[in-house]
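Student: Next up, model_38.cif (mmCIF, C-alpha atoms).
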data_entry
loop_
_atom_site.group_PDB
_atom_site.id
_atom_site.type_symbol
_atom_site.label_atom_id
_atom_site.label_comp_id
_atom_site.auth_asym_id
_atom_site.auth_seq_id
_atom_site.Cartn_x
_atom_site.Cartn_y
_atom_site.Cartn_z
ATOM 1 C CA MET A 1164 5.164 1.974 -12.827
ATOM 2 C CA LYS A 1165 6.277 5.385 -11.655
ATOM 3 C CA LEU A 1166 8.110 5.820 -8.343
ATOM 4 C CA LEU A 1167 6.036 8.092 -6.057
ATOM 5 C CA ALA A 1168 6.943 7.326 -2.408
ATOM 6 C CA LYS A 1169 4.022 9.429 -1.067
ATOM 7 C CA PRO A 1170 2.818 8.979 2.522
ATOM 8 C CA ILE A 1171 -0.829 7.838 2.622
ATOM 9 C CA ASP A 1172 -3.649 7.292 5.109
ATOM 10 C CA THR A 1173 -4.376 3.572 5.162
ATOM 11 C CA MET A 1174 -6.935 1.245 6.734
ATOM 12 C CA VAL A 1175 -5.542 -2.220 7.433
ATOM 13 C CA VAL A 1176 -6.765 -5.628 8.554
ATOM 14 C CA PHE A 1177 -4.924 -7.906 10.969
ATOM 15 C CA ARG A 1178 -5.690 -11.632 10.775
ATOM 16 C CA ALA A 1179 -6.053 -13.501 14.070
ATOM 17 C CA ASN A 1180 -3.156 -15.876 13.433
ATOM 18 C CA THR A 1181 -0.611 -13.335 12.082
ATOM 19 C CA LYS A 1182 0.807 -9.998 13.129
ATOM 20 C CA ILE A 1183 1.254 -8.782 9.553
ATOM 21 C CA PRO A 1184 -1.021 -5.912 8.459
ATOM 22 C CA ARG A 1185 -2.896 -6.283 5.162
ATOM 23 C CA PRO A 1186 -3.974 -3.077 3.401
ATOM 24 C CA TYR A 1187 -7.744 -2.743 2.984
ATOM 25 C CA LYS A 1188 -8.115 0.780 1.553
ATOM 26 C CA PHE A 1189 -6.269 4.090 1.371
ATOM 27 C CA LYS A 1190 -6.683 7.707 0.259
ATOM 28 C CA ILE A 1191 -4.735 9.473 -2.496
ATOM 29 C CA GLU A 1192 -5.021 12.773 -4.318
ATOM 30 C CA GLU A 1193 -5.918 12.109 -7.949
ATOM 31 C CA GLY A 1194 -6.536 14.995 -10.324
ATOM 32 C CA GLY A 1195 -6.897 17.544 -7.530
ATOM 33 C CA GLU A 1196 -9.472 15.565 -5.526
ATOM 34 C CA LEU A 1197 -9.175 13.046 -2.683
ATOM 35 C CA VAL A 1198 -9.960 9.499 -3.856
ATOM 36 C CA THR A 1199 -10.514 6.475 -1.616
ATOM 37 C CA VAL A 1200 -9.099 3.298 -3.159
ATOM 38 C CA LYS A 1201 -10.202 -0.137 -1.953
ATOM 39 C CA VAL A 1202 -7.469 -2.743 -2.456
ATOM 40 C CA ASP A 1203 -9.185 -5.362 -4.638
ATOM 41 C CA GLN A 1204 -6.310 -7.860 -4.768
ATOM 42 C CA ILE A 1205 -2.927 -8.329 -3.102
ATOM 43 C CA ILE A 1206 -0.825 -10.076 -5.722
ATOM 44 C CA ASP A 1207 2.384 -10.404 -3.710
ATOM 45 C CA ALA A 1208 3.870 -9.343 -0.370
ATOM 46 C CA GLN A 1209 7.603 -9.388 0.399
ATOM 47 C CA LYS A 1210 9.512 -8.591 3.567
ATOM 48 C CA THR A 1211 12.639 -6.540 2.871
ATOM 49 C CA LYS A 1212 15.388 -4.956 4.934
ATOM 50 C CA VAL A 1213 16.923 -1.625 3.930
ATOM 51 C CA CYS A 1214 19.729 -0.263 6.141
ATOM 52 C CA GLY A 1215 18.564 -2.541 8.950
ATOM 53 C CA ALA A 1216 14.937 -1.283 8.828
ATOM 54 C CA GLU A 1217 12.322 -3.940 8.093
ATOM 55 C CA ASN A 1218 9.691 -3.154 5.430
ATOM 56 C CA ILE A 1219 6.861 -5.027 3.756
ATOM 57 C CA LEU A 1220 6.237 -4.314 0.070
ATOM 58 C CA TYR A 1221 2.760 -5.165 -1.265
ATOM 59 C CA LEU A 1222 2.042 -5.492 -4.997
ATOM 60 C CA CYS A 1223 -1.680 -4.737 -5.372
ATOM 61 C CA GLN A 1224 -4.366 -4.228 -7.996
ATOM 62 C CA SER A 1225 -7.536 -2.099 -7.864
ATOM 63 C CA THR A 1226 -10.015 -0.241 -10.027
ATOM 64 C CA ILE A 1227 -9.271 3.494 -9.794
ATOM 65 C CA ASN A 1228 -11.540 5.902 -11.684
ATOM 66 C CA GLY A 1229 -12.825 3.052 -13.852
ATOM 67 C CA ARG A 1230 -9.360 1.693 -14.775
ATOM 68 C CA GLU A 1231 -7.597 -1.445 -13.534
ATOM 69 C CA ARG A 1232 -4.296 -0.301 -12.065
ATOM 70 C CA ARG A 1233 -1.393 -2.005 -10.338
ATOM 71 C CA PHE A 1234 0.521 -0.280 -7.566
ATOM 72 C CA GLU A 1235 2.926 -0.974 -4.720
ATOM 73 C CA LEU A 1236 2.339 -0.074 -1.085
ATOM 74 C CA LYS A 1237 5.212 -0.046 1.379
ATOM 75 C CA TYR A 1238 4.795 -0.527 5.133
ATOM 76 C CA TYR A 1239 7.625 0.567 7.451
ATOM 77 C CA CYS A 1240 7.490 -1.793 10.439
ATOM 78 C CA SER A 1241 9.569 0.340 12.829
ATOM 79 C CA SER A 1242 7.542 3.556 12.373
ATOM 80 C CA CYS A 1243 4.160 1.993 11.372
ATOM 81 C CA GLU A 1244 3.941 4.273 8.312
ATOM 82 C CA TRP A 1245 2.515 3.545 4.855
ATOM 83 C CA GLN A 1246 3.607 4.834 1.456
ATOM 84 C CA LEU A 1247 2.185 4.622 -2.036
ATOM 85 C CA TYR A 1248 5.541 3.517 -3.393
ATOM 86 C CA LYS A 1249 4.841 2.960 -7.112
ATOM 87 C CA MET A 1250 1.871 3.424 -9.410
#
For the structure just supplied, provide its representation as C-alpha coordinates.
Tutor:
Amino acid sequence: MKLLAKPIDTMVVFRANTKIPRPYKFKIEEGGELVTVKVDQIIDAQKTKVCGAENILYLCQSTINGRERRFELKYYCSSCEWQLYKM
(Lines of atoms letter the chains of each structure in order from A and count residues from 1; the text may use other names and numbers.)
(Lines give C-alpha, C1' and ligand atoms only; values in the text may rest on other atoms or scores of the structure.)
Protein backbone atom coordinates (compact mmCIF):
# COMPACT_ATOMS: atom_id res chain seq x y z
CA MET A 1 0.00 0.00 0.00
CA LYS A 2 1.13 3.51 -0.79
CA LEU A 3 1.15 6.22 1.89
CA LEU A 4 -1.21 9.05 0.84
CA ALA A 5 -2.40 10.90 3.98
CA LYS A 6 -5.05 12.87 2.02
CA PRO A 7 -7.92 14.58 3.85
CA ILE A 8 -11.30 13.18 2.74
CA ASP A 9 -15.02 13.87 3.14
CA THR A 10 -16.48 10.95 5.06
CA MET A 11 -19.93 9.74 6.12
CA VAL A 12 -19.87 7.77 9.36
CA VAL A 13 -22.21 5.67 11.48
CA PHE A 14 -22.34 5.75 15.28
CA ARG A 15 -23.72 2.66 17.03
CA ALA A 16 -26.06 3.24 19.98
CA ASN A 17 -23.83 1.50 22.52
CA THR A 18 -20.46 3.01 21.46
CA LYS A 19 -19.03 6.44 20.79
CA ILE A 20 -16.63 5.19 18.11
CA PRO A 21 -17.38 6.33 14.54
CA ARG A 22 -17.43 3.68 11.81
CA PRO A 23 -16.77 4.84 8.24
CA TYR A 24 -19.67 4.22 5.85
CA LYS A 25 -18.50 5.95 2.65
CA PHE A 26 -16.11 8.66 1.47
CA LYS A 27 -15.11 10.65 -1.61
CA ILE A 28 -11.73 10.59 -3.36
CA GLU A 29 -10.35 11.91 -6.62
CA GLU A 30 -9.47 8.99 -8.88
CA GLY A 31 -8.19 9.60 -12.39
CA GLY A 32 -9.29 13.23 -12.43
CA GLU A 33 -12.89 12.56 -11.33
CA LEU A 34 -14.59 12.47 -7.92
CA VAL A 35 -15.47 8.91 -6.88
CA THR A 36 -17.70 7.92 -3.96
CA VAL A 37 -16.46 4.76 -2.24
CA LYS A 38 -18.75 2.72 0.01
CA VAL A 39 -16.78 0.86 2.69
CA ASP A 40 -17.74 -2.78 2.08
CA GLN A 41 -15.81 -4.30 4.99
CA ILE A 42 -13.87 -3.07 8.02
CA ILE A 43 -11.21 -5.70 8.57
CA ASP A 44 -9.56 -4.17 11.63
CA ALA A 45 -9.70 -1.03 13.77
CA GLN A 46 -6.94 0.02 16.18
CA LYS A 47 -6.70 2.93 18.60
CA THR A 48 -3.27 4.56 18.53
CA LYS A 49 -1.60 7.50 20.23
CA VAL A 50 0.92 9.66 18.38
CA CYS A 51 2.51 12.54 20.33
CA GLY A 52 -0.35 12.38 22.82
CA ALA A 53 -3.07 12.67 20.13
CA GLU A 54 -5.51 9.76 19.95
CA ASN A 55 -6.25 8.27 16.51
CA ILE A 56 -8.24 5.33 15.19
CA LEU A 57 -6.80 3.46 12.20
CA TYR A 58 -9.27 1.42 10.12
CA LEU A 59 -8.12 -1.29 7.69
CA CYS A 60 -10.91 -1.55 5.10
CA GLN A 61 -11.78 -3.24 1.82
CA SER A 62 -14.05 -2.05 -1.02
CA THR A 63 -14.66 -2.39 -4.73
CA ILE A 64 -13.32 0.72 -6.48
CA ASN A 65 -13.77 1.00 -10.25
CA GLY A 66 -14.43 -2.73 -10.49
CA ARG A 67 -11.36 -3.79 -8.45
CA GLU A 68 -11.18 -5.12 -4.89
CA ARG A 69 -8.86 -2.79 -3.00
CA ARG A 70 -7.63 -2.53 0.57
CA PHE A 71 -6.99 0.83 2.18
CA GLU A 72 -6.51 2.47 5.56
CA LEU A 73 -8.58 5.34 6.92
CA LYS A 74 -7.35 7.37 9.87
CA TYR A 75 -9.65 9.29 12.23
CA TYR A 76 -8.15 12.04 14.42
CA CYS A 77 -10.25 12.09 17.60
CA SER A 78 -9.19 15.55 18.82
CA SER A 79 -9.96 17.38 15.55
CA CYS A 80 -12.67 15.02 14.16
CA GLU A 81 -10.85 14.80 10.80
CA TRP A 82 -10.53 11.85 8.42
CA GLN A 83 -7.66 10.88 6.13
CA LEU A 84 -7.20 8.30 3.41
CA TYR A 85 -3.95 7.15 4.98
CA LYS A 86 -2.85 4.28 2.70
CA MET A 87 -4.13 2.71 -0.49
Student: I'd like to know which of A:Phe1234, A:Phe1189, A:Tyr1248, A:Tyr1239 is closest to Glu1217 of chain A, using only C-alpha atoms.
Tutor: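 That would be A:Tyr1239, the residue with the smallest distance to Glu1217 of chain A.
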Student: Which polymer residues have any atom within 12 Å of an atom of Leu1166 of chain A, counting all atoms listed in the file, with same-chain residues fewer than 3 positions away left out, as a PyMOL selection string?
Tutor: chain A and resi 1169+1234-1237+1246-1250
Student: Calculated over all atoms listed in the file, which of the candidates A:Ala1216, A:Gln1209, A:Arg1233, A:Trp1245 has the smallest distance to Lys1165 of chain A?
Tutor: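 That would be A:Arg1233, the residue with the smallest distance to Lys1165 of chain A.
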Student: Give the answer as one residue: which of A:Cys1240, A:Ile1183, A:Ile1171, A:Arg1178 has the shortest atom-to-atom distance to Gly1215 of chain A, using all atoms listed in the file?
Tutor: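 Of A:Cys1240, A:Ile1183, A:Ile1171, A:Arg1178, the one nearest Gly1215 of chain A, counting all atoms listed in the file, is A:Cys1240.
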Student: Could you please give me, as a PyMOL selection string, the residues of protein, DNA or RNA lying at most 8 Å from (7.6, -8.1, 4.0) in the coordinate frame of the file, considering all atoms listed in the file?
Tutor: chain A and resi 1208-1211+1217-1221
Student: Could you work out how far atom CA of Val1213 of chain A lies from atom CA of Ser1241 of chain A, giving the answer in Å with one decimal?
Tutor: 11.7 Å
Student: Kindly indicate which residue among A:Ile1205, A:Ser1242, A:Leu1222, A:Val1200 lies nearest to Met1164 of chain A, using only C-alpha atoms for the distances.
Tutor: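 Result for the nearest residue to Met1164 of chain A: A:Leu1222.
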